[in-house]
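Asker: Structure file data.txt, compact mmCIF, C-alpha atoms, is pasted below:
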# COMPACT_ATOMS: atom_id res chain seq x y z
CA MET A 1 -34.34 72.09 -105.13
CA ARG A 2 -36.56 71.29 -102.15
CA ASN A 3 -35.56 67.63 -102.24
CA LEU A 4 -31.88 68.60 -102.31
CA ILE A 5 -32.22 70.87 -99.28
CA LEU A 6 -34.14 68.17 -97.40
CA ALA A 7 -31.41 65.63 -98.20
CA VAL A 8 -28.68 68.01 -96.96
CA PHE A 9 -30.68 68.70 -93.80
CA LEU A 10 -31.08 64.97 -93.08
CA LEU A 11 -27.38 64.37 -93.73
CA ILE A 12 -26.37 67.14 -91.34
CA ASN A 13 -28.66 65.82 -88.64
CA SER A 14 -27.41 62.26 -89.07
CA VAL A 15 -23.81 63.50 -88.71
CA ALA A 16 -24.71 65.53 -85.62
CA PHE A 17 -26.58 62.76 -83.83
CA ALA A 18 -23.90 60.18 -84.64
CA GLN A 19 -21.52 62.07 -82.36
CA LYS A 20 -21.49 61.91 -78.59
CA ILE A 21 -23.25 64.96 -77.18
CA TYR A 22 -23.24 65.64 -73.45
CA ASN A 23 -26.12 67.21 -71.57
CA LYS A 24 -24.66 69.41 -68.83
CA LYS A 25 -25.93 71.74 -66.16
CA VAL A 26 -24.05 74.94 -65.40
CA ASN A 27 -24.80 76.61 -62.11
CA SER A 28 -25.72 80.26 -62.52
CA VAL A 29 -25.56 82.87 -59.79
CA GLN A 30 -27.36 85.24 -62.16
CA PHE A 31 -30.43 83.01 -62.26
CA ASN A 32 -29.90 81.31 -58.90
CA ALA A 33 -30.42 78.01 -60.72
CA ASP A 34 -28.76 75.56 -63.08
CA ARG A 35 -28.87 76.27 -66.81
CA ASP A 36 -28.94 73.41 -69.32
CA ILE A 37 -26.43 73.17 -72.16
CA LYS A 38 -25.58 70.65 -74.85
CA LEU A 39 -21.86 70.07 -75.31
CA TYR A 40 -20.03 68.48 -78.22
CA LEU A 41 -16.33 67.66 -77.80
CA PRO A 42 -14.42 66.86 -81.02
CA GLN A 43 -12.57 63.60 -81.46
CA GLY A 44 -9.14 63.83 -79.87
CA HIS A 45 -10.15 66.34 -77.21
CA ASP A 46 -9.51 63.91 -74.34
CA THR A 47 -6.28 62.43 -75.72
CA ASP A 48 -4.46 65.30 -77.47
CA THR A 49 -2.29 67.02 -74.88
CA ILE A 50 -1.30 69.95 -77.11
CA ARG A 51 -4.24 71.01 -79.25
CA LYS A 52 -6.82 73.53 -78.14
CA TYR A 53 -10.17 74.01 -79.83
CA PRO A 54 -12.20 77.08 -80.87
CA VAL A 55 -15.57 77.30 -79.13
CA ALA A 56 -18.92 78.05 -80.78
CA ILE A 57 -21.82 79.04 -78.51
CA VAL A 58 -25.16 78.50 -80.27
CA LEU A 59 -28.15 80.36 -78.85
CA ASN A 60 -30.65 77.57 -79.42
CA ASN A 61 -29.79 74.00 -78.58
CA ASP A 62 -32.38 72.49 -80.89
CA TYR A 63 -32.33 72.76 -84.71
CA LEU A 64 -29.67 75.48 -84.99
CA PHE A 65 -27.29 73.55 -82.75
CA ASP A 66 -27.71 70.44 -84.93
CA ILE A 67 -27.19 72.35 -88.18
CA TYR A 68 -24.10 74.15 -86.91
CA LEU A 69 -22.60 70.99 -85.39
CA GLY A 70 -23.23 68.88 -88.49
CA ASN A 71 -21.54 71.44 -90.71
CA SER A 72 -18.61 71.90 -88.33
CA LYS A 73 -17.92 68.16 -88.55
CA ILE A 74 -18.12 68.14 -92.35
CA TYR A 75 -15.88 71.19 -92.77
CA ALA A 76 -13.31 69.96 -90.23
CA ALA A 77 -13.14 66.57 -91.96
CA ALA A 78 -12.38 68.39 -95.23
CA ASP A 79 -9.64 70.41 -93.46
CA LEU A 80 -11.48 73.67 -94.21
CA THR A 81 -11.92 74.62 -90.54
CA PRO A 82 -10.37 73.51 -87.27
CA LYS A 83 -12.30 71.10 -85.08
CA GLN A 84 -14.60 72.99 -82.72
CA ILE A 85 -16.18 72.58 -79.31
CA VAL A 86 -19.87 73.33 -79.93
CA VAL A 87 -22.14 74.44 -77.08
CA GLY A 88 -25.90 74.71 -77.39
CA LEU A 89 -27.72 76.97 -74.93
CA ASP A 90 -31.25 76.32 -73.80
CA VAL A 91 -32.87 79.67 -74.64
CA ASP A 92 -36.25 80.89 -73.44
CA PHE A 93 -37.69 82.94 -76.30
CA GLY A 94 -40.69 84.14 -74.33
CA ILE A 95 -41.57 87.81 -73.95
CA ASN A 96 -39.17 89.54 -71.56
CA LYS A 97 -37.07 86.39 -71.39
CA ASP A 98 -33.49 85.40 -72.31
CA VAL A 99 -32.94 87.31 -75.57
CA SER A 100 -35.62 89.99 -75.40
CA THR A 101 -34.95 93.70 -75.87
CA VAL A 102 -36.72 96.88 -74.83
CA GLY A 103 -38.74 98.15 -77.77
CA LYS A 104 -38.17 101.88 -77.32
CA SER A 105 -34.44 101.81 -76.64
CA GLY A 106 -33.32 98.51 -78.15
CA GLY A 107 -31.49 97.77 -74.90
CA LEU A 108 -31.65 94.58 -72.88
CA THR A 109 -34.42 93.75 -70.44
CA ASP A 110 -33.63 92.76 -66.84
CA GLN A 111 -33.99 89.09 -67.79
CA SER A 112 -31.83 89.33 -70.91
CA LYS A 113 -29.17 91.22 -68.96
CA LYS A 114 -28.96 88.20 -66.65
CA PHE A 115 -28.62 85.92 -69.68
CA TYR A 116 -25.95 88.20 -71.15
CA ASN A 117 -23.95 88.15 -67.89
CA TYR A 118 -24.47 84.40 -67.54
CA ILE A 119 -22.78 83.84 -70.93
CA LYS A 120 -20.02 86.34 -70.24
CA SER A 121 -19.19 85.69 -66.58
CA GLU A 122 -20.32 82.12 -65.91
CA LEU A 123 -20.62 79.95 -69.01
CA ILE A 124 -17.36 80.97 -70.73
CA PRO A 125 -15.24 80.67 -67.53
CA TYR A 126 -16.83 77.24 -66.94
CA LEU A 127 -15.85 76.10 -70.43
CA GLU A 128 -12.32 77.49 -70.14
CA ALA A 129 -11.79 75.78 -66.77
CA ASN A 130 -13.04 72.34 -67.82
CA TYR A 131 -12.19 71.92 -71.49
CA LYS A 132 -9.31 72.53 -73.90
CA THR A 133 -10.55 75.80 -75.33
CA SER A 134 -8.63 78.20 -77.53
CA PRO A 135 -9.21 81.97 -77.21
CA TYR A 136 -11.19 81.97 -80.48
CA LEU A 137 -14.88 82.22 -79.55
CA THR A 138 -17.91 82.34 -81.84
CA ILE A 139 -21.50 83.18 -80.89
CA VAL A 140 -24.35 82.11 -83.18
CA GLY A 141 -28.04 83.00 -83.20
CA ASP A 142 -30.98 83.46 -85.52
CA GLY A 143 -34.01 85.74 -85.38
CA GLU A 144 -34.36 87.47 -82.01
CA ALA A 145 -31.24 85.73 -80.64
CA ALA A 146 -29.21 87.11 -83.58
CA ASN A 147 -30.34 90.62 -82.66
CA PHE A 148 -29.48 89.96 -78.99
CA LEU A 149 -25.91 88.78 -79.66
CA LEU A 150 -25.05 92.08 -81.39
CA HIS A 151 -24.93 93.60 -77.90
CA PHE A 152 -21.65 91.77 -77.27
CA LEU A 153 -19.99 94.09 -79.80
CA LYS A 154 -20.10 96.87 -77.21
CA GLU A 155 -17.58 95.15 -74.89
CA GLN A 156 -14.47 97.30 -74.61
CA LYS A 157 -12.39 94.13 -74.39
CA PRO A 158 -14.07 91.85 -76.95
CA ILE A 159 -15.30 88.50 -75.69
CA PHE A 160 -15.93 86.92 -79.09
CA ASN A 161 -13.98 86.82 -82.32
CA ALA A 162 -16.94 85.90 -84.51
CA TYR A 163 -20.56 87.10 -84.41
CA VAL A 164 -23.00 85.07 -86.54
CA CYS A 165 -26.41 86.70 -87.03
CA ILE A 166 -28.77 84.60 -89.15
CA SER A 167 -31.82 86.64 -90.25
CA PRO A 168 -31.64 88.96 -87.20
CA MET A 169 -34.83 90.72 -86.10
CA LEU A 170 -33.29 94.16 -86.55
CA THR A 171 -35.05 97.30 -85.39
CA ASP A 172 -34.33 100.99 -85.77
CA GLN A 173 -33.12 100.93 -82.18
CA SER A 174 -30.69 98.06 -82.73
CA ILE A 175 -29.20 99.88 -85.73
CA ARG A 176 -28.85 103.03 -83.64
CA LEU A 177 -27.11 101.08 -80.86
CA LEU A 178 -24.60 99.66 -83.35
CA THR A 179 -23.48 103.20 -84.16
CA THR A 180 -22.65 103.82 -80.46
CA TYR A 181 -20.28 100.85 -80.06
CA ASN A 182 -17.18 102.62 -81.45
CA LEU A 183 -16.22 99.65 -83.60
CA LYS A 184 -13.14 101.51 -84.88
CA ARG A 185 -11.48 100.65 -81.57
CA LEU A 186 -11.09 97.08 -82.89
CA ASP A 187 -8.49 98.30 -85.36
CA ASP A 188 -6.20 99.12 -82.43
CA LEU A 189 -6.23 95.51 -81.20
CA ASP A 190 -3.84 92.77 -82.27
CA ASN A 191 -6.60 90.37 -83.27
CA GLN A 192 -9.12 89.60 -85.99
CA PHE A 193 -12.92 89.80 -85.70
CA TYR A 194 -15.75 88.66 -87.97
CA LEU A 195 -19.38 89.66 -88.35
CA TYR A 196 -21.68 87.58 -90.51
CA MET A 197 -25.25 88.77 -91.11
CA SER A 198 -27.87 87.25 -93.41
CA SER A 199 -31.30 88.02 -94.81
CA ASN A 200 -33.64 86.14 -97.13
CA ALA A 201 -36.49 86.63 -99.57
CA PHE A 202 -39.13 85.86 -96.94
CA GLU A 203 -38.26 88.67 -94.53
CA LYS A 204 -40.62 91.59 -94.14
CA GLN A 205 -39.65 94.55 -96.28
CA GLU A 206 -38.93 96.62 -93.18
CA ARG A 207 -36.32 94.11 -92.03
CA LYS A 208 -34.82 93.89 -95.50
CA ASP A 209 -34.40 97.68 -95.45
CA LEU A 210 -32.78 97.55 -92.01
CA PHE A 211 -30.42 94.79 -93.21
CA GLU A 212 -29.31 97.01 -96.10
CA GLN A 213 -28.96 99.96 -93.73
CA ALA A 214 -26.74 97.96 -91.38
CA LYS A 215 -24.68 96.68 -94.32
CA LYS A 216 -24.14 100.16 -95.75
CA GLY A 217 -23.32 101.71 -92.38
CA LEU A 218 -20.83 99.06 -91.28
CA GLU A 219 -19.08 98.85 -94.64
CA SER A 220 -18.63 102.62 -94.66
CA LEU A 221 -16.44 102.35 -91.56
CA GLU A 222 -13.78 100.50 -93.61
CA LEU A 223 -12.61 98.56 -90.57
CA LYS A 224 -9.33 96.69 -90.86
CA ASN A 225 -9.83 94.13 -88.09
CA LEU A 226 -13.59 93.57 -88.31
CA HIS A 227 -14.28 91.48 -91.42
CA LEU A 228 -17.84 91.74 -92.67
CA ALA A 229 -19.99 89.29 -94.62
CA PHE A 230 -23.57 90.19 -95.59
CA LYS A 231 -25.53 87.46 -97.40
CA ASP A 232 -29.01 87.90 -98.85
CA TYR A 233 -30.48 84.51 -99.76
CA LYS A 234 -32.99 85.48 -102.41
CA GLU A 235 -33.12 82.16 -104.26
CA VAL A 236 -34.37 79.89 -101.46
CA PRO A 237 -37.83 78.31 -101.30
CA ASN A 238 -38.43 79.10 -97.62
CA LYS A 239 -36.87 80.45 -94.42
CA PRO A 240 -35.56 77.08 -93.15
CA ALA A 241 -33.70 76.64 -96.43
CA ALA A 242 -31.89 79.93 -95.80
CA ILE A 243 -30.78 78.67 -92.37
CA VAL A 244 -29.52 75.37 -93.81
CA LYS A 245 -27.64 77.20 -96.56
CA ALA A 246 -26.00 79.74 -94.23
CA PRO A 247 -23.14 77.61 -92.78
CA THR A 248 -21.40 77.48 -96.17
CA ASP A 249 -20.85 81.23 -95.99
CA ILE A 250 -20.44 81.32 -92.21
CA PHE A 251 -17.45 78.97 -92.12
CA SER A 252 -15.75 80.53 -95.14
CA THR A 253 -16.04 83.87 -93.32
CA ILE A 254 -15.12 83.18 -89.71
CA PHE A 255 -12.35 80.69 -90.58
CA GLU A 256 -11.10 82.38 -93.75
CA LEU A 257 -7.43 82.05 -92.76
CA TYR A 258 -7.54 78.34 -92.02
CA PRO A 259 -7.93 76.50 -95.39
CA ARG A 260 -5.03 75.59 -97.65
CA ILE A 261 -3.99 78.24 -100.18
CA SER A 262 -6.71 78.62 -102.80
CA LYS A 263 -6.29 79.83 -106.36
CA GLU A 264 -7.86 83.14 -105.36
CA GLU A 265 -5.48 83.57 -102.42
CA PHE A 266 -2.51 82.69 -104.62
CA ASP A 267 -3.53 85.06 -107.42
CA THR A 268 -4.32 88.02 -105.17
CA LYS A 269 -1.68 87.70 -102.45
CA ILE A 270 1.21 85.48 -103.51
CA LYS A 271 1.95 85.13 -107.21
CA ASP A 272 3.68 88.53 -107.57
CA LEU A 273 5.86 88.12 -104.47
CA GLU A 274 9.60 87.61 -104.57
CA PRO A 275 10.77 84.15 -103.40
CA LEU A 276 11.79 85.20 -99.89
CA ASP A 277 8.52 87.11 -99.40
CA ALA A 278 6.52 84.07 -100.57
CA ILE A 279 8.28 81.89 -97.98
CA LYS A 280 7.62 84.51 -95.29
CA TYR A 281 3.95 84.68 -96.34
CA LEU A 282 3.60 80.93 -95.88
CA GLU A 283 5.30 80.99 -92.49
CA SER A 284 3.14 83.92 -91.31
CA LYS A 285 -0.06 82.18 -92.45
CA TYR A 286 0.54 79.25 -90.13
CA ILE A 287 1.72 81.39 -87.24
CA GLU A 288 -1.54 83.33 -87.49
CA ILE A 289 -3.61 80.12 -87.71
CA GLU A 290 -2.05 78.91 -84.48
CA TYR A 291 -2.40 82.31 -82.82
CA LEU A 292 -6.06 82.79 -83.80
CA TYR A 293 -7.49 79.30 -83.53
CA GLY A 294 -5.10 77.66 -81.06
CA THR A 295 -4.60 74.87 -83.57
CA ASN A 296 -1.08 73.44 -83.78
CA LEU A 297 -1.37 72.82 -87.51
CA ASN A 298 1.80 71.94 -89.37
CA VAL A 299 2.44 73.55 -92.76
CA ARG A 300 0.50 71.60 -95.39
CA PHE A 301 2.49 70.11 -98.26
CA GLU A 302 -0.10 71.53 -100.68
CA ASP A 303 0.82 75.03 -99.52
CA ILE A 304 4.53 74.33 -99.89
CA TYR A 305 3.91 73.18 -103.47
CA ALA A 306 1.84 76.34 -104.05
CA ILE A 307 4.91 78.59 -103.60
CA GLU A 308 7.45 76.13 -104.99
CA GLY A 309 7.27 77.48 -108.53
CA ILE A 310 7.96 81.05 -107.38
CA VAL A 311 11.09 79.97 -105.50
CA ILE A 312 12.43 77.79 -108.31
CA ASP A 313 11.67 80.10 -111.23
CA LYS A 314 12.56 83.52 -109.79
CA LEU A 315 16.07 84.81 -109.02
CA ASP A 316 17.69 81.65 -110.49
CA GLY A 317 16.45 79.55 -107.56
CA ASP A 318 18.71 81.38 -105.12
CA TYR A 319 16.19 80.92 -102.27
CA LEU A 320 15.67 77.18 -102.71
CA ARG A 321 18.11 76.68 -99.85
CA VAL A 322 15.90 78.82 -97.59
CA LEU A 323 12.78 76.89 -98.62
CA GLY A 324 14.58 73.60 -98.09
CA ASP A 325 15.71 74.56 -94.58
CA PHE A 326 12.15 75.72 -93.79
CA VAL A 327 10.68 72.39 -94.92
CA MET A 328 13.32 70.35 -93.05
CA ILE A 329 12.32 72.13 -89.83
CA LYS A 330 8.57 71.68 -90.41
CA HIS A 331 8.73 68.15 -91.86
CA PRO A 332 12.01 66.52 -90.75
CA ASP A 333 10.85 63.05 -91.82
CA SER A 334 10.03 64.15 -95.36
CA HIS A 335 12.47 64.01 -98.26
CA LEU A 336 11.17 67.31 -99.66
CA GLY A 337 13.48 69.64 -97.72
CA GLU A 338 16.64 67.82 -98.81
CA TYR A 339 15.32 67.77 -102.37
CA TYR A 340 15.02 71.58 -102.43
CA VAL A 341 18.54 72.01 -101.01
CA GLY A 342 19.89 69.51 -103.56
CA LYS A 343 18.13 71.43 -106.34
CA TYR A 344 19.70 74.65 -105.04
CA HIS A 345 23.22 73.16 -105.30
CA GLU A 346 22.50 71.63 -108.70
CA LEU A 347 21.45 74.99 -110.13
CA GLY A 348 24.68 76.42 -108.74
CA LYS A 349 26.64 73.56 -110.41
CA ASN A 350 27.89 72.40 -107.01
CA TYR A 351 27.32 68.79 -108.01
CA GLU A 352 29.06 67.13 -105.05
CA GLN A 353 26.74 68.87 -102.58
CA ALA A 354 23.73 68.29 -104.83
CA LEU A 355 24.49 64.56 -104.91
CA PHE A 356 24.81 64.46 -101.12
CA TYR A 357 21.38 66.04 -100.52
CA TYR A 358 19.65 64.03 -103.24
CA LYS A 359 20.96 60.84 -101.65
CA GLU A 360 19.79 62.06 -98.24
CA ALA A 361 16.33 62.74 -99.68
CA TYR A 362 16.17 59.34 -101.40
CA GLY A 363 17.14 57.63 -98.16
CA LYS A 364 14.00 59.05 -96.49
CA MET A 365 11.68 57.67 -99.14
CA GLU A 366 9.89 54.35 -98.78
CA LEU A 367 10.80 51.85 -101.46
CA SER A 368 7.08 51.31 -101.97
CA ASP A 369 6.67 54.97 -102.82
CA SER A 370 5.61 55.20 -106.45
CA ASN A 371 7.82 58.30 -106.85
CA ALA A 372 10.99 56.68 -105.48
CA GLU A 373 12.18 55.28 -108.79
CA LEU A 374 11.46 58.55 -110.56
CA PHE A 375 13.27 60.49 -107.82
CA TYR A 376 16.37 58.31 -108.22
CA GLU A 377 16.86 59.83 -111.67
CA ASN A 378 18.05 62.99 -109.87
CA ILE A 379 20.94 61.00 -108.43
CA ILE A 380 21.80 59.42 -111.80
CA ARG A 381 21.71 62.82 -113.50
CA ILE A 382 24.12 64.36 -110.98
CA GLU A 383 26.49 61.36 -111.05
CA ASN A 384 26.67 61.68 -114.85
CA ALA A 385 27.29 65.42 -114.52
CA ILE A 386 30.21 64.74 -112.16
CA LYS A 387 31.62 62.02 -114.46
CA ASN A 388 31.42 64.20 -117.56
CA ALA A 389 32.71 67.37 -115.93
CA PRO A 390 36.09 68.55 -117.37
CA LYS A 391 38.91 67.33 -115.16
CA GLU A 392 41.24 69.87 -113.60
CA GLN A 393 44.90 69.70 -114.68
CA PRO A 394 47.26 68.59 -111.84
CA LEU A 395 49.55 71.32 -110.50
CA GLU A 396 52.75 69.44 -111.38
CA ASP A 397 51.72 69.35 -115.04
CA ILE A 398 51.21 73.09 -115.26
CA PRO A 399 54.36 74.75 -116.80
CA LEU A 400 55.99 77.50 -114.76
CA GLU A 401 55.94 81.03 -116.12
CA ASP A 402 59.77 81.29 -116.52
CA GLU A 403 59.94 78.00 -118.36
CA GLU A 404 57.22 79.17 -120.72
CA LYS A 405 59.25 82.30 -121.52
CA LYS A 406 62.39 80.25 -122.15
CA ASP A 407 60.56 77.97 -124.47
CA GLU A 408 59.20 80.97 -126.34
CA ASN A 409 62.72 82.59 -126.82
CA PRO A 410 65.37 79.82 -127.24
CA ASP A 411 67.78 82.09 -129.19
CA GLU A 412 67.94 84.63 -126.40
CA ASP A 413 69.00 81.92 -123.96
CA ASP A 414 71.88 80.86 -126.22
CA GLU A 415 73.11 84.44 -126.54
CA GLU A 416 73.14 84.81 -122.76
CA LYS A 417 75.29 81.70 -122.44
CA GLU A 418 77.82 83.03 -125.05
CA ASP A 419 78.09 86.35 -123.14
CA GLU A 420 78.91 84.46 -120.00
What's the structure tokens form of this structure?
Answerer:
Amino acid sequence: MRNLILAVFLLINSVAFAQKIYNKKVNSVQFNADRDIKLYLPQGHDTDTIRKYPVAIVLNNDYLFDIYLGNSKIYAAADLTPKQIVVGLDVDFGINKDVSTVGKSGGLTDQSKKFYNYIKSELIPYLEANYKTSPYLTIVGDGEAANFLLHFLKEQKPIFNAYVCISPMLTDQSIRLLTTYNLKRLDDLDNQFYLYMSSNAFEKQERKDLFEQAKKGLESLELKNLHLAFKDYKEVPNKPAAIVKAPTDIFSTIFELYPRISKEEFDTKIKDLEPLDAIKYLESKYIEIEYLYGTNLNVRFEDIYAIEGIVIDKLDGDYLRVLGDFVMIKHPDSHLGEYYVGKYHELGKNYEQALFYYKEAYGKMELSDSNAELFYENIIRIENAIKNAPKEQPLEDIPLEDEEKKDENPDEDDEEKEDE
């Protein structure tokens, strides 16, 4: 187990250091001096004119910065999170310094107030003015810094979307302060917020108890817009192992909307929907991804396939046309949209239209595509259906009603002629 954790740690560090990291100085009026930061810009930042990137501010530009950055690269490469701008702050952990709190009240010291205002009023505006940032901001800290960052929850207009507290040094006073922040106000905002908090087997019992107290108190609020994740790492060999393990749960929490549709998401939120509602769910998912993370992510084909069965199998495929139009808008170069519309017409026995759309779809496929030959069978099937369909009788061959009656009663016609 220890060897595995060491290997993961070395991998993360090698990924982090392989990237270009800038050392910057940000002038601070609060401190009347420059403050040092480390800055990582994801690949494409300087060339992509549309995309914006979520920002993660890490309160420790040493090991925690490297661990967070390494994981952000791995998760983004697997398309489980968007690419992020990662900022590491040089934090002074001395007594009465950057992240210190007053023991009796749990409030901030004069020095930590300056650091708080520096992040809020100087660092974030600097990042927004100079880099392609999205509105989605994350703040990350461990130990005393994790306790410090909880103070940002009191802002009436939230600054951050995600608050990551790794093994925070909670106190009775910090728990009391949490109860004064009126977190229910977040439910009135059109946004989503996330709070991750962890503990481990090597914490003092007092801190373990405070972790459970915070968990119980926050969960009792049943907040709609503040999503909570409490992780107690009991099966780790040491404290550093708990820190290395944390990002797995952090990213699945603070970017829970971003990944492609999982089996759990499908089973709990989609499988019982009607076809039109399933299509709307898919559309809303990507609108929310763009709104939250600022990432102009096109609808993944995997997610289209996830709802395909619902649309085909329910209501006789009546909404395949809607799905096809949706796909043609999102992926105009793909054959998939025309295929769905062709399938819609085939199910309705409108073979001429089905043949038209199947041919349009086939025309978009590369001849080297291994599925092209298989797809062509759709065209053959419809052509055979048209050839074997019963032919309509021409109008001139259809007997008139009066003639039919005459043919049925020839004797009556003869009698009429004799009377005349």
Asker: Between CA of Val140 (chain A) and CA of Ser284 (chain A), what is the distance in Å, rounded to a tenth?
Answerer: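 Here the two named atoms are 28.7 Å from each other.
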Asker: Could you state the separation of CA of Glu360 (chain A) and CA of Tyr376 (chain A) in Å, given to one decimal place?
Answerer: 11.2 Å
Asker: May I have the residues within 10 Å of Glu288 (chain A) as a list in words, using all atoms listed in the file and disregarding those fewer than 4 positions away in the same chain?
Answerer: Asn191, Gln192, Leu257, Tyr258, Glu283, Ser284, Leu292, Tyr293, Gly294 and Thr295 of chain A
Asker: How many Å lie between CA of Tyr362 (chain A) and CA of Val327 (chain A), rounded to one decimal?
Answerer: 15.6 Å
Asker: Env of Gln353 (chain A): 12 Å cut, atoms = all atoms listed in the file, seq-sep filter 3 positions within chain, self excluded. Answer as a list in words.
Answerer: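 Result of the neighbour search: Arg321, Glu338, Tyr339, Val341, Gly342, Lys343, Tyr344, His345, Glu346, Leu347, Gly348, Lys349, Asn350, Phe356, Tyr357, Tyr358, Lys359, Glu360, Ile379, Ile382, Glu383 and Ile386 of chain A.
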Asker: With a distance cut-off of 12 Å and all atoms listed in the file, select the neighbouring residues of Val29 (chain A), excluding the residue or stretch itself and same-chain residues fewer than 2 positions from it, and output the selection as a short mmCIF file (atom, residue, chain, number, x, y, z; two decimals) with C-alpha atoms, in the coordinates of the input.
Answerer:
data_model
loop_
_atom_site.label_atom_id
_atom_site.label_comp_id
_atom_site.auth_asym_id
_atom_site.auth_seq_id
_atom_site.Cartn_x
_atom_site.Cartn_y
_atom_site.Cartn_z
CA VAL A 26 -24.05 74.94 -65.40
CA ASN A 27 -24.80 76.61 -62.11
CA PHE A 31 -30.43 83.01 -62.26
CA ASN A 32 -29.90 81.31 -58.90
CA ALA A 33 -30.42 78.01 -60.72
CA ASP A 34 -28.76 75.56 -63.08
CA ARG A 35 -28.87 76.27 -66.81
CA LYS A 114 -28.96 88.20 -66.65
CA PHE A 115 -28.62 85.92 -69.68
CA ASN A 117 -23.95 88.15 -67.89
CA TYR A 118 -24.47 84.40 -67.54
CA ILE A 119 -22.78 83.84 -70.93
CA SER A 121 -19.19 85.69 -66.58
CA GLU A 122 -20.32 82.12 -65.91
CA LEU A 123 -20.62 79.95 -69.01
#
Asker: Using all atoms listed in the file for the distances, tell me which of A:Leu282, A:Leu297, A:Ile21, A:Ile243 is nearest to Lys52 (chain A).
Answerer: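 Under the stated criterion, the closest residue is A:Leu297.
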Asker: Name the residues in contact with region 157-168 of chain A at a cut-off of 7 Å, using all atoms listed in the file, excluding same-chain residues fewer than 3 positions from it; report them as a list in words.
Answerer: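 Final neighbour list, sorted by chain and number: Tyr136, Leu137, Thr138, Ile139, Val140, Gly141, Asp142, Gly143, Glu144, Ala146, Asn147, Leu153, Gln192, Phe193, Tyr194, Leu195, Tyr196, Met197, Ser198, Ser199 and Ile254 of chain A.
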Asker: Here is a test: counting all atoms listed in the file, which residue of A:Tyr305, A:Tyr116, A:Phe152, A:Phe230 is nearest to Lys208 (chain A)?
Answerer: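 The answer is A:Phe230, which sits nearest to Lys208 (chain A).
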Asker: Within 7 Å of Leu323 (chain A), counting all atoms listed in the file, which residues qualify if same-chain residues fewer than 4 places away don't, as number ranges by chain?
Answerer: A: 279, 319, 327, 340
Asker: For a quick check of understanding, using only C-alpha atoms, which of A:Asn96, A:Thr171, A:Ser262, A:Ser334 has the smallest distance to Leu210 (chain A)?
Answerer: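 Using only C-alpha atoms, the shortest distance to Leu210 (chain A) belongs to A:Thr171.
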Asker: Would you mind telling me which residue in A:Glu155, A:Leu186, A:Thr248, A:His331 lies nearest to Arg300 (chain A) when using all atoms listed in the file?
Answerer: A:His331
Asker: Which residue is closest to Glu128 (chain A)? Choose from A:Leu80, A:Val55, A:Leu183, A:Asp313 and count only C-alpha atoms.
Answerer: A:Val55
Asker: With only C-alpha atoms as the basis for distance, which of A:Val86, A:Ile312, A:Ala129, A:Ile261 is at the shortest distance from Leu276 (chain A)?
Answerer: A:Ile312
Asker: Please write as a ChimeraX atom specification the list of polymer residues whose atoms come within 6 Å of (-28.0, 78.0, -69.4), counting all atoms listed in the file and keeping to the coordinates of the file.
Answerer: /A:35-37,89-90
Asker: Just to be explicit: take each residue in the selection above, keep C-alpha atoms, and write the result as a compact mmCIF listing (two decimals), in the coordinates of the input.
Answerer:
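File out-v8.txt, as written:
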# COMPACT_ATOMS: atom_id res chain seq x y z
CA ARG A 35 -28.87 76.27 -66.81
CA ASP A 36 -28.94 73.41 -69.32
CA ILE A 37 -26.43 73.17 -72.16
CA LEU A 89 -27.72 76.97 -74.93
CA ASP A 90 -31.25 76.32 -73.80
